[in-house]
file run_26.txt (compact mmCIF, C-alpha atoms)
# COMPACT_ATOMS: atom_id res chain seq x y z
CA MET R 18 79.80 56.97 79.53
CA LEU R 19 79.98 60.03 81.77
CA GLN R 20 79.72 57.92 84.94
CA GLN R 21 82.51 55.65 83.72
CA SER R 22 84.76 58.68 83.09
CA LEU R 23 84.09 60.02 86.58
CA ARG R 24 84.91 56.64 88.14
CA SER R 25 88.19 56.55 86.20
CA ALA R 26 89.09 60.08 87.37
CA ARG R 27 88.40 59.19 91.01
CA LEU R 28 90.55 56.07 90.70
CA ARG R 29 93.46 58.05 89.26
CA ALA R 30 93.16 60.66 92.02
CA SER R 31 93.16 58.03 94.77
CA ARG R 32 96.31 56.47 93.35
CA ALA R 33 98.06 59.85 93.10
CA TRP R 34 97.24 60.75 96.75
CA PRO R 35 96.91 57.57 98.87
CA ILE R 36 94.24 57.78 101.52
CA SER R 37 96.64 56.24 104.03
CA THR R 38 99.01 59.24 103.85
CA PRO R 39 99.10 60.84 107.34
CA LEU R 40 97.93 64.44 107.49
CA VAL R 41 99.02 67.31 109.66
CA ARG R 42 97.19 70.56 110.22
CA VAL R 43 99.16 73.69 109.45
CA GLY R 44 98.17 77.34 109.69
CA LEU R 45 98.53 79.63 106.71
CA TYR R 46 98.85 83.12 108.12
CA ARG R 47 97.78 86.27 106.37
CA PRO R 48 100.48 88.64 107.60
CA TYR R 49 98.26 91.70 107.83
CA SER R 50 95.08 90.26 109.27
CA GLY R 51 93.84 88.61 112.42
CA HIS R 52 92.59 85.55 110.58
CA ILE R 53 94.15 82.13 110.12
CA MET R 54 93.35 79.85 107.24
CA SER R 55 93.71 76.11 107.82
CA ASN R 56 94.91 73.54 105.40
CA SER R 57 96.12 69.93 105.44
CA LEU R 58 99.39 68.77 103.96
CA PRO R 59 101.09 65.37 103.92
CA LYS R 60 103.47 64.92 106.86
CA SER R 61 106.84 63.62 105.77
CA GLY R 62 107.36 60.12 107.11
CA GLY R 63 104.48 60.49 109.54
CA LYS R 64 106.94 61.65 112.23
CA THR R 65 107.09 64.79 114.35
CA THR R 66 109.96 66.23 116.37
CA ARG R 67 109.93 68.33 119.50
CA ASP R 68 112.22 71.33 119.93
CA ASN R 69 112.72 72.44 123.51
CA ARG R 70 114.83 75.54 122.89
CA SER R 71 114.00 78.66 124.85
CA PRO R 72 111.74 81.28 123.21
CA GLU R 73 114.48 83.76 124.12
CA ASP R 74 116.80 82.01 121.63
CA PRO R 75 117.48 84.60 118.87
CA ASN R 76 117.77 81.78 116.33
CA GLN R 77 114.35 80.29 117.09
CA THR R 78 111.91 79.40 114.35
CA LEU R 79 108.15 79.89 114.29
CA THR R 80 107.62 76.45 115.84
CA GLN R 81 109.44 77.56 119.01
CA ILE R 82 107.44 80.74 119.62
CA ASP R 83 105.15 80.57 122.63
CA SER R 84 103.72 84.08 123.17
CA ILE R 85 103.48 87.52 121.62
CA SER R 86 105.26 89.12 124.57
CA SER R 87 108.23 86.76 124.23
CA VAL R 88 108.88 87.62 120.57
CA ILE R 89 108.55 91.35 121.23
CA ARG R 90 110.97 91.14 124.15
CA GLN R 91 113.35 89.19 121.95
CA ASP R 92 113.26 91.99 119.37
CA HIS R 93 113.88 94.56 122.09
CA ARG R 94 117.00 92.70 123.24
CA GLN R 95 118.27 92.53 119.65
CA ILE R 96 117.76 96.28 119.19
CA GLU R 97 119.63 96.98 122.43
CA LYS R 98 122.43 94.63 121.36
CA TYR R 99 122.96 96.42 118.03
CA TYR R 100 122.89 99.79 119.78
CA ASN R 101 125.61 98.68 122.19
CA LYS R 102 127.70 97.30 119.33
CA ILE R 103 127.63 100.71 117.63
CA VAL R 104 128.37 102.94 120.62
CA ASN R 105 131.10 100.65 122.00
CA SER R 106 133.01 100.30 118.72
CA ASP R 107 135.78 102.52 117.39
CA ASP R 108 135.78 100.73 114.03
CA LEU R 109 133.84 102.74 111.44
CA GLU R 110 133.17 99.68 109.28
CA GLU R 111 131.78 97.71 112.22
CA GLN R 112 129.62 100.70 113.14
CA ARG R 113 128.29 100.83 109.60
CA GLN R 114 127.40 97.15 109.66
CA TYR R 115 125.55 97.38 112.97
CA GLN R 116 123.90 100.64 111.93
CA ASN R 117 122.26 98.70 109.09
CA ALA R 118 121.32 95.88 111.48
CA PHE R 119 119.82 98.35 113.98
CA VAL R 120 117.73 100.12 111.32
CA TRP R 121 116.62 96.81 109.78
CA GLU R 122 115.50 95.39 113.14
CA LEU R 123 113.76 98.50 114.49
CA ALA R 124 111.95 99.43 111.26
CA ARG R 125 110.42 95.96 110.84
CA HIS R 126 109.61 95.65 114.55
CA ALA R 127 107.74 98.95 114.70
CA ILE R 128 105.56 98.23 111.66
CA ALA R 129 104.77 94.68 112.80
CA GLU R 130 103.61 96.02 116.16
CA GLU R 131 101.37 98.57 114.44
CA LEU R 132 99.82 95.95 112.17
CA VAL R 133 99.47 93.01 114.57
CA VAL R 134 99.82 94.05 118.22
CA TYR R 135 98.15 97.44 118.47
CA PRO R 136 94.88 96.36 116.78
CA SER R 137 94.70 93.53 119.35
CA LEU R 138 95.22 96.05 122.16
CA GLU R 139 92.42 98.21 120.80
CA THR R 140 89.89 95.40 120.55
CA GLY R 141 90.84 93.22 123.51
CA VAL R 142 92.01 95.43 126.39
CA ASN R 143 90.22 98.04 128.47
CA ASP R 144 91.60 101.44 127.47
CA GLY R 145 93.50 99.59 124.77
CA LYS R 146 92.84 102.28 122.18
CA ILE R 147 94.43 104.88 124.45
CA MET R 148 97.49 102.64 124.89
CA ALA R 149 97.74 101.92 121.16
CA ASP R 150 97.44 105.59 120.19
CA LYS R 151 100.16 106.49 122.70
CA ASP R 152 102.42 103.76 121.35
CA ARG R 153 101.85 104.88 117.76
CA ALA R 154 102.74 108.47 118.70
CA GLU R 155 105.97 107.25 120.31
CA HIS R 156 106.70 105.16 117.23
CA GLN R 157 106.30 108.21 115.01
CA VAL R 158 108.95 110.08 116.98
CA ALA R 159 111.25 107.04 116.77
CA LYS R 160 110.68 106.69 113.01
CA GLU R 161 111.62 110.31 112.41
CA GLN R 162 114.80 109.92 114.48
CA LEU R 163 115.58 106.61 112.78
CA TYR R 164 115.14 108.18 109.35
CA LYS R 165 117.72 110.81 110.27
CA PHE R 166 120.10 108.21 111.70
CA GLN R 167 119.86 105.78 108.76
CA ASN R 168 121.02 108.51 106.37
CA MET R 169 124.13 109.29 108.41
CA LYS R 170 127.60 107.80 108.11
CA PRO R 171 129.81 106.58 110.95
CA GLY R 172 132.28 109.34 111.63
CA ASP R 173 129.70 112.10 111.19
CA ALA R 174 129.77 114.46 114.15
CA ASP R 175 126.10 113.77 115.00
CA PHE R 176 126.18 110.01 114.33
CA ILE R 177 126.46 108.80 117.94
CA PRO R 178 124.49 111.70 119.53
CA THR R 179 121.57 111.05 117.13
CA LEU R 180 121.56 107.35 117.99
CA GLU R 181 121.78 108.06 121.73
CA SER R 182 118.86 110.50 121.54
CA LEU R 183 116.79 107.90 119.66
CA MET R 184 117.68 105.17 122.12
CA GLN R 185 116.93 107.33 125.14
CA ASP R 186 113.31 107.73 124.02
CA LEU R 187 113.12 104.15 122.83
CA LYS R 188 114.19 102.72 126.20
CA VAL R 189 111.27 104.49 127.89
CA HIS R 190 108.88 103.10 125.27
CA ILE R 191 110.31 99.59 125.65
CA GLN R 192 110.00 99.65 129.44
CA GLU R 193 106.40 100.87 129.38
CA GLU R 194 105.49 98.32 126.73
CA GLU R 195 107.06 95.36 128.55
CA GLU R 196 105.89 96.29 132.04
CA HIS R 197 102.38 97.52 131.21
CA ASP R 198 101.01 97.10 127.67
CA LEU R 199 102.16 93.54 127.06
CA VAL R 200 101.11 92.46 130.55
CA LYS R 201 97.58 93.76 129.95
CA LEU R 202 97.47 92.17 126.51
CA GLU R 203 98.59 88.74 127.75
CA GLU R 204 95.99 88.87 130.53
CA ALA R 205 93.30 89.38 127.88
CA LEU R 206 94.48 86.58 125.58
CA LEU R 207 94.22 82.82 125.69
CA PRO R 208 97.67 81.20 125.40
CA SER R 209 96.75 79.81 121.97
CA ARG R 210 95.75 83.25 120.71
CA SER R 211 98.97 84.76 122.08
CA LYS R 212 100.95 82.18 120.15
CA ASP R 213 98.91 82.90 117.00
CA LEU R 214 99.72 86.61 117.32
CA ALA R 215 103.40 85.80 117.83
CA GLN R 216 103.44 83.81 114.61
CA GLN R 217 101.60 86.56 112.74
CA PHE R 218 104.05 89.11 114.14
CA GLU R 219 107.08 87.18 112.87
CA MET R 220 105.46 86.51 109.50
CA THR R 221 104.54 90.17 109.11
CA LYS R 222 108.15 91.22 109.63
CA ALA R 223 109.04 89.27 106.49
CA PHE R 224 106.82 91.56 104.38
CA THR R 225 107.47 94.98 105.92
CA PRO R 226 109.83 97.73 104.76
CA THR R 227 113.31 97.44 106.23
CA ARG R 228 114.05 101.18 106.45
CA SER R 229 112.27 104.01 108.18
CA HIS R 230 109.57 105.86 106.21
CA PRO R 231 108.10 108.33 108.72
CA SER R 232 105.65 109.84 106.22
CA ALA R 233 103.91 106.48 105.67
CA PRO R 234 100.57 105.71 107.40
CA ASN R 235 100.81 103.94 110.78
CA LYS R 236 97.50 102.04 110.78
CA PRO R 237 96.06 99.25 108.63
CA PRO R 238 94.85 99.02 105.93
CA PHE R 239 96.79 101.99 104.51
CA GLU R 240 100.04 101.03 106.27
CA THR R 241 99.68 97.56 104.77
CA ALA R 242 99.29 98.87 101.22
CA VAL R 243 102.14 101.37 101.46
CA GLY R 244 104.37 98.78 103.12
CA LEU R 245 103.82 96.25 100.36
CA MET R 246 104.83 98.86 97.78
CA THR R 247 107.86 100.12 99.70
CA ALA R 248 109.34 96.87 100.99
CA PRO R 249 110.63 95.46 97.65
CA LEU R 250 112.82 98.52 97.03
CA ASP R 251 114.16 98.42 100.59
CA LYS R 252 114.97 94.72 100.26
CA LEU R 253 116.69 95.25 96.92
CA ARG R 254 118.94 97.91 98.44
CA ASP R 255 119.63 95.64 101.42
CA MET R 256 121.47 93.31 99.06
CA PHE R 257 124.16 95.97 98.59
CA ARG R 258 124.53 97.04 102.23
CA ALA R 259 127.20 95.88 104.65
CA TRP R 260 126.04 93.56 107.43
CA PRO R 261 127.58 92.00 110.54
CA ASP R 262 128.80 88.46 110.13
CA GLU R 263 126.04 86.87 112.18
CA PRO R 264 122.77 85.41 110.79
CA SER R 265 120.36 87.21 113.13
CA ALA R 266 121.78 90.64 112.26
CA LYS R 267 121.00 90.71 108.54
CA PRO R 268 118.19 89.86 106.12
CA PRO R 269 118.34 86.59 104.17
CA SER R 270 119.21 88.63 101.07
CA GLY R 271 121.93 90.58 102.89
CA GLY R 272 125.28 90.31 101.24
CA PRO R 273 128.57 89.69 103.03
CA ALA R 274 130.16 92.49 105.00
CA ARG R 275 132.29 94.61 102.70
call {"tool": "encode", "arguments": {"input": "run_26.txt", "output": "structure tokens"}}
result
Amino acid sequence: MLQQSLRSARLRASRAWPISTPLVRVGLYRPYSGHIMSNSLPKSGGKTTRDNRSPEDPNQTLTQIDSISSVIRQDHRQIEKYYNKIVNSDDLEEQRQYQNAFVWELARHAIAEELVVYPSLETGVNDGKIMADKDRAEHQVAKEQLYKFQNMKPGDADFIPTLESLMQDLKVHIQEEEEHDLVKLEEALLPSRSKDLAQQFEMTKAFTPTRSHPSAPNKPPFETAVGLMTAPLDKLRDMFRAWPDEPSAKPPSGGPAR
């Protein structure tokens, strides 16, 4: 009787999930770890498509990412773009919108680097711990300046000077990172591992706080725990902030500019 029941269960399962269904391997990424879990899911129609857009495309998806250095450089260009929008505008409302975009981009970028990139520097590059500690110290200065800037209003006497001071230090950090740290990291990584880190980096940004919290820890696992507690409140408040009318400059939950 038991054997007959088992045979019936197997038959029902095989009918519910045909063996002929094509499978595709996908990675399920844990945003705050260096591990990838694999799984198999049915591939719709058994067809795949190729996307040949440049990794520098700001509207790229995870399938178009090819290296950790490319996604970090892309973030850097976005941060510089929002900075230029603020300092070159005389419209207080436009400045407010791009102030929110600048804070949103830089806050998530910094935490994702600390959780994904710097641990890889420490474990995979000669003198990587020295580089990572230096980068974290520079991030701490930037977070404190960003915290001050995010609480200002366009039109405040110190609004532009505070942003320019922040950006002056940040440009030095960006140059050193792109010309030295990322070069060393890419030399130590296989292309497949670099792509894995790039995907983890982008996934991590979806879970991080979107405002600066300079008193929070800057290393995992404590940064991970604090970030997971802080992010929901940041994201809730993002829904009521003004954002530029362009998809890459606001969170998915960001409301229309007002």
call {"tool": "residues_around", "arguments": {"input": "run_26.txt", "residues": "Lys151 in chain R", "least_positions_apart": "2", "cutoff": "12 Å", "atoms": "only C-alpha atoms", "output": "number ranges by chain"}}
result
R: 131, 135, 138-139, 144-149, 153-158, 190, 193-194, 198
call {"tool": "atom_distance", "arguments": {"input": "run_26.txt", "atom1": "CA of Ala124 in chain R", "atom2": "CA of Thr221 in chain R"}}
result
12.1 Å
call {"tool": "closest_residue", "arguments": {"input": "run_26.txt", "among": "R:Ala259, R:Pro269, R:Pro208, R:Lys165", "to": "Arg228 in chain R", "atoms": "all atoms listed in the file"}}
result
R:Lys165
call {"tool": "closest_residue", "arguments": {"input": "run_26.txt", "among": "R:Leu180, R:Leu207, R:Val88, R:Ala174", "to": "Lys102 in chain R", "atoms": "all atoms listed in the file"}}
result
R:Leu180
call {"tool": "residues_around", "arguments": {"input": "run_26.txt", "residues": "Gln185 in chain R", "least_positions_apart": "3", "cutoff": "12 Å", "atoms": "all atoms listed in the file", "output": "list in words"}}
result
Glu97, Tyr100, Glu155, Val158, Ala159, Gln162, Pro178, Thr179, Leu180, Glu181, Ser182, Lys188, Val189, His190, Ile191 and Gln192 of chain R
call {"tool": "atom_distance", "arguments": {"input": "run_26.txt", "atom1": "CA of Glu196 in chain R", "atom2": "CA of Ser84 in chain R"}}
result
15.2 Å
call {"tool": "closest_residue", "arguments": {"input": "run_26.txt", "among": "R:Phe218, R:Tyr164, R:Gly141, R:Ser106", "to": "Leu206 in chain R", "atoms": "only C-alpha atoms"}}
result
R:Gly141
call {"tool": "closest_residue", "arguments": {"input": "run_26.txt", "among": "R:Val134, R:Ile89, R:Ala233, R:Met220", "to": "Lys160 in chain R", "atoms": "only C-alpha atoms"}}
result
R:Ala233
call {"tool": "atom_distance", "arguments": {"input": "run_26.txt", "atom1": "CA of Ala223 in chain R", "atom2": "CA of Ala248 in chain R"}}
result
9.4 Å
call {"tool": "closest_residue", "arguments": {"input": "run_26.txt", "among": "R:Asp107, R:Glu204, R:Asp262, R:Glu122", "to": "Thr225 in chain R", "atoms": "all atoms listed in the file"}}
result
R:Glu122
call {"tool": "axis_aligned_box", "arguments": {"input": "run_26.txt", "around": "range 115-118 of chain R", "padding_each_side": "4 Å", "output": "JSON"}}
result
{"center_x": 123.4, "center_y": 98.3, "center_z": 111.0, "size_x": 12.2, "size_y": 12.8, "size_z": 11.9}
call {"tool": "closest_residue", "arguments": {"input": "run_26.txt", "among": "R:Ala129, R:Leu199, R:Asp255, R:Ile177", "to": "Phe224 in chain R", "atoms": "only C-alpha atoms"}}
result
R:Ala129
